[in-house]
Amino acid sequence: MTSSVTSAEISVITEQKAHAARPVTSAVISVLAVRNLTNIKTEAYITLRPRNHNPQLYPSMFPWLFPYGYGGLGTPKKIPISDAEHKRHLLMYHDKRFQTDIYFPFVAFSHEQIKAATTGGFLATDRGNFDQMSERLLTLKPEVLTSLANRMEAGEVIHPETEDEKNCYQVIKDLDHVGGHVQGSTTSKKYMRNEIWSLIAAKGAPSWFITLSPADVKHPICIYYADTKQEFKPTILEHNDRFRIVTRNPVAAARFFHLMVSLFIQHILGVGTDHLGIYGQTTAYYGTVEQ
C-alpha cells in the first residue's frame, strides 16, 4: 500500500523542520499562515463535513494561530482527548497567542455551545414522546405566545387555561431538554436554582451570602498570567499599563478569578482541609458567577 505526498505537505514539513530549532517570530508566522492558506485545496472549502469532525476548521479560520495548517480539533492523536481539553491545551500554549487573540476564545466557546445544543437536540429526538413534541411545535400559535409574553412582561401571574396556552407552556418545557445542555442558557440557570433549592432542603437555609470580586488589575498574579514574560518580577506598574495587560488577555483574568475563588473555598471556608473555616464548619456551599 503506497501513499502520495503533495508538494504542499512537503513544503510544510520542510518549514517545520527548518523552524524547529529556533523560535518562530510573528513575521514568520504570518508568512507561514499565508502560504498555508494558498496551499489548502479548494475542495476543503466546498466538501460537506460533519460540524464536529473537521480537522481543518480551526486552521482555516485562524491561519495566524495555526501557521502550519495542523493541530485543529479532530486531528488524529495517539492519545485521544476531548475537544474541550484540546481547546484548553491551546489556550495554555506557551506564547499565549491563543489567549490574546480577540476571536479565538469567543469562537471556541460558541462552538462548544453549538455542540451542546446539537447534542441536546439529538437526545430529544430519541425520546419516546418526540412525535408529540413535533406536533406541538407545528401547531403552535404565535399570537398566543406573543400574548403570554406581553402579559408576563407586564408582571401578570399567568395560569394557562386554554389548550393553546397549555400548548405554549409545554413547548417551553420541551425546549428545556435542549437548552439544559448549553452553558449560560436560561434553562441551565433554572436547573441551578433547582439545585440550590434542593441543597437548602437537604442542609437548611444558608448562613452567609458572600460576594467576591477579585481586583485582577491590581494583583501581581493576574498581571503575570496576562503578560508574556516568563520570569516573574513583582514590579509595580502604572495603572494604565496594568489595565491594558489584563484587558488584552481575558483568559488570564478567568484563570485568576478561578484561582482566587478556589483558594477562598479551601482556606477561608476550610473545604477539603483539616482545619475549620473562619465562619465555622462548612457543611455545604454553592457558588455561581454573575453575568
# chains A, B, ... in the order shown; residues from 1 in each chain; ligands from 1

call {"tool": "select_by_dssp", "arguments": {"residues": "region 172-204 of chain A", "states": "helix (DSSP H, G or I)", "output": "MDAnalysis selection string"}}
result
chainID A and resid 172:179 186:203

call {"tool": "residues_around", "arguments": {"residues": "Gly287 (chain A)", "least_positions_apart": "4", "cutoff": "12 Å", "atoms": "only C-alpha atoms", "output": "PyMOL selection string"}}
result
chain A and resi 192-193+195-196+199+206+208-212+258+261-262+264-265

call {"tool": "write_last_selection", "arguments": {"atoms": "C-alpha atoms", "output": "PDB file, in the first residue's frame"}}
result
ATOM      1  CA  MET A 192     -29.036  25.749  39.026  1.00  0.00           C
ATOM      2  CA  ARG A 193     -31.872  27.312  41.022  1.00  0.00           C
ATOM      3  CA  GLU A 195     -30.048  22.598  42.740  1.00  0.00           C
ATOM      4  CA  ILE A 196     -29.922  25.451  45.247  1.00  0.00           C
ATOM      5  CA  LEU A 199     -29.415  21.920  48.768  1.00  0.00           C
ATOM      6  CA  PRO A 206     -27.609  29.299  54.149  1.00  0.00           C
ATOM      7  CA  TRP A 208     -23.838  33.520  54.765  1.00  0.00           C
ATOM      8  CA  PHE A 209     -24.205  35.217  51.403  1.00  0.00           C
ATOM      9  CA  ILE A 210     -20.774  36.260  50.181  1.00  0.00           C
ATOM     10  CA  THR A 211     -19.909  38.194  47.023  1.00  0.00           C
ATOM     11  CA  LEU A 212     -16.331  38.006  45.742  1.00  0.00           C
ATOM     12  CA  HIS A 258     -10.835  30.723  39.353  1.00  0.00           C
ATOM     13  CA  VAL A 261     -12.334  31.523  44.347  1.00  0.00           C
ATOM     14  CA  SER A 262     -10.688  28.104  44.770  1.00  0.00           C
ATOM     15  CA  PHE A 264     -11.234  31.157  49.193  1.00  0.00           C
ATOM     16  CA  ILE A 265     -13.204  27.909  49.332  1.00  0.00           C
TER      17      ILE A 265
END

call {"tool": "residues_around", "arguments": {"residues": "Lys229 (chain A)", "least_positions_apart": "3", "cutoff": "12 Å", "atoms": "only C-alpha atoms", "output": "VMD selection string"}}
result
chain A and resid 94 to 96 223 to 226 232 to 234 245

call {"tool": "write_last_selection", "arguments": {"atoms": "all heavy atoms", "output": "CSV table (one decimal), in the first residue's frame"}}
result
chain,number,residue,atom,x,y,z
A,94,HIS,N,2.4,28.2,25.2
A,94,HIS,CA,3.4,28.9,25.9
A,94,HIS,C,3.5,30.4,25.5
A,94,HIS,O,3.8,31.2,26.3
A,94,HIS,CB,4.7,28.2,25.7
A,94,HIS,CG,5.3,28.3,24.3
A,94,HIS,ND1,6.1,29.3,23.9
A,94,HIS,CD2,5.1,27.6,23.2
A,94,HIS,CE1,6.5,29.2,22.6
A,94,HIS,NE2,5.8,28.2,22.1
A,95,ASP,N,3.3,30.7,24.2
A,95,ASP,CA,3.4,32.1,23.8
A,95,ASP,C,2.1,32.9,23.9
A,95,ASP,O,2.1,34.1,23.6
A,95,ASP,CB,3.9,32.1,22.3
A,95,ASP,CG,2.9,31.5,21.3
A,95,ASP,OD1,1.8,31.0,21.8
A,95,ASP,OD2,3.1,31.5,20.1
A,96,LYS,N,1.1,32.2,24.4
A,96,LYS,CA,-0.2,32.9,24.8
A,96,LYS,C,-0.9,33.6,23.6
A,96,LYS,O,-1.7,34.5,23.8
A,96,LYS,CB,0.0,33.9,25.9
A,96,LYS,CG,0.5,33.3,27.2
A,96,LYS,CD,0.7,34.3,28.3
A,96,LYS,CE,1.2,33.7,29.5
A,96,LYS,NZ,1.4,34.7,30.6
A,223,ILE,N,-1.5,39.8,36.6
A,223,ILE,CA,-0.7,40.5,35.7
A,223,ILE,C,0.4,39.6,35.1
A,223,ILE,O,0.7,39.6,33.9
A,223,ILE,CB,0.0,41.7,36.3
A,223,ILE,CG1,-1.1,42.7,36.7
A,223,ILE,CG2,1.0,42.4,35.4
A,223,ILE,CD1,-0.6,43.9,37.4
A,224,TYR,N,0.9,38.7,35.9
A,224,TYR,CA,1.8,37.7,35.5
A,224,TYR,C,1.2,36.7,34.5
A,224,TYR,O,1.7,36.3,33.5
A,224,TYR,CB,2.4,36.9,36.6
A,224,TYR,CG,3.3,35.7,36.2
A,224,TYR,CD1,4.6,35.9,35.6
A,224,TYR,CD2,2.9,34.4,36.4
A,224,TYR,CE1,5.3,34.8,35.2
A,224,TYR,CE2,3.6,33.3,36.0
A,224,TYR,CZ,4.9,33.6,35.5
A,224,TYR,OH,5.6,32.5,35.1
A,225,TYR,N,-0.1,36.3,34.8
A,225,TYR,CA,-0.8,35.4,33.9
A,225,TYR,C,-1.0,36.1,32.6
A,225,TYR,O,-0.9,35.4,31.5
A,225,TYR,CB,-2.2,35.0,34.5
A,225,TYR,CG,-2.1,34.0,35.6
A,225,TYR,CD1,-3.3,33.7,36.4
A,225,TYR,CD2,-1.0,33.2,35.8
A,225,TYR,CE1,-3.3,32.8,37.4
A,225,TYR,CE2,-1.0,32.2,36.8
A,225,TYR,CZ,-2.1,32.0,37.6
A,225,TYR,OH,-2.1,31.0,38.5
A,226,ALA,N,-1.3,37.4,32.6
A,226,ALA,CA,-1.7,38.0,31.3
A,226,ALA,C,-0.5,38.5,30.5
A,226,ALA,O,-0.6,38.6,29.3
A,226,ALA,CB,-2.5,39.3,31.7
A,232,PHE,N,8.9,35.9,36.6
A,232,PHE,CA,8.0,36.7,37.5
A,232,PHE,C,8.8,37.8,38.3
A,232,PHE,O,9.7,37.4,39.0
A,232,PHE,CB,7.2,35.9,38.4
A,232,PHE,CG,6.4,36.6,39.4
A,232,PHE,CD1,5.2,37.2,39.0
A,232,PHE,CD2,6.8,36.7,40.7
A,232,PHE,CE1,4.4,38.0,39.9
A,232,PHE,CE2,6.0,37.5,41.6
A,232,PHE,CZ,4.8,38.1,41.2
A,233,LYS,N,8.5,39.0,38.1
A,233,LYS,CA,9.1,40.1,38.9
A,233,LYS,C,8.0,41.0,39.4
A,233,LYS,O,7.2,41.5,38.7
A,233,LYS,CB,10.0,40.9,38.0
A,233,LYS,CG,11.2,40.2,37.5
A,233,LYS,CD,12.1,41.1,36.7
A,233,LYS,CE,13.4,40.4,36.2
A,233,LYS,NZ,14.2,41.3,35.4
A,234,PRO,N,7.9,41.1,40.7
A,234,PRO,CA,6.8,41.9,41.4
A,234,PRO,C,7.0,43.4,41.2
A,234,PRO,O,7.1,44.1,42.2
A,234,PRO,CB,6.9,41.4,42.8
A,234,PRO,CG,8.3,41.1,43.0
A,234,PRO,CD,8.8,40.5,41.8
A,245,ILE,N,-2.7,45.4,30.0
A,245,ILE,CA,-2.2,44.0,30.0
A,245,ILE,C,-3.3,43.0,30.3
A,245,ILE,O,-3.4,42.0,29.7
A,245,ILE,CB,-1.0,43.8,31.0
A,245,ILE,CG1,0.2,44.6,30.5
A,245,ILE,CG2,-0.6,42.4,31.2
A,245,ILE,CD1,1.4,44.6,31.5

call {"tool": "residues_around", "arguments": {"residues": "Leu148 (chain A)", "least_positions_apart": "5", "cutoff": "9 Å", "atoms": "only C-alpha atoms", "output": "JSON, numbers by chain"}}
result
{"A": [143, 153, 158, 165, 168]}

call {"tool": "write_last_selection", "arguments": {"atoms": "N, CA and C atoms", "output": "PDB file, in the first residue's frame"}}
result
ATOM      1  N   GLU A 143     -49.550  34.074  17.887  1.00  0.00           N
ATOM      2  CA  GLU A 143     -50.273  35.168  18.547  1.00  0.00           C
ATOM      3  C   GLU A 143     -50.541  34.844  20.006  1.00  0.00           C
ATOM      4  N   GLU A 153     -44.470  40.120  30.750  1.00  0.00           N
ATOM      5  CA  GLU A 153     -43.639  41.315  30.834  1.00  0.00           C
ATOM      6  C   GLU A 153     -44.312  42.393  31.686  1.00  0.00           C
ATOM      7  N   ILE A 158     -49.573  34.204  35.355  1.00  0.00           N
ATOM      8  CA  ILE A 158     -50.427  33.537  34.377  1.00  0.00           C
ATOM      9  C   ILE A 158     -50.593  32.067  34.742  1.00  0.00           C
ATOM     10  N   GLU A 165     -52.817  27.911  25.273  1.00  0.00           N
ATOM     11  CA  GLU A 165     -51.886  28.385  26.295  1.00  0.00           C
ATOM     12  C   GLU A 165     -51.136  27.221  26.939  1.00  0.00           C
ATOM     13  N   CYS A 168     -48.418  26.165  24.595  1.00  0.00           N
ATOM     14  CA  CYS A 168     -47.237  27.040  24.623  1.00  0.00           C
ATOM     15  C   CYS A 168     -46.358  26.724  25.816  1.00  0.00           C
TER      16      CYS A 168
END

call {"tool": "residues_around", "arguments": {"residues": "Gly71 (chain A)", "least_positions_apart": "5", "cutoff": "9 Å", "atoms": "only C-alpha atoms", "output": "list in words"}}
result
Pro55, Gln56, Tyr58, Pro59 and Phe66 of chain A

call {"tool": "atom_distance", "arguments": {"atom1": "CA of Pro250 (chain A)", "atom2": "CA of Arg97 (chain A)"}}
result
12.0 Å

call {"tool": "atom_distance", "arguments": {"atom1": "CA of Leu237 (chain A)", "atom2": "CA of Ile102 (chain A)"}}
result
23.8 Å

call {"tool": "residues_around", "arguments": {"residues": "Phe257 (chain A)", "least_positions_apart": "5", "cutoff": "9 Å", "atoms": "only C-alpha atoms", "output": "MDAnalysis selection string"}}
result
chainID A and resid 213:216 222 252 262
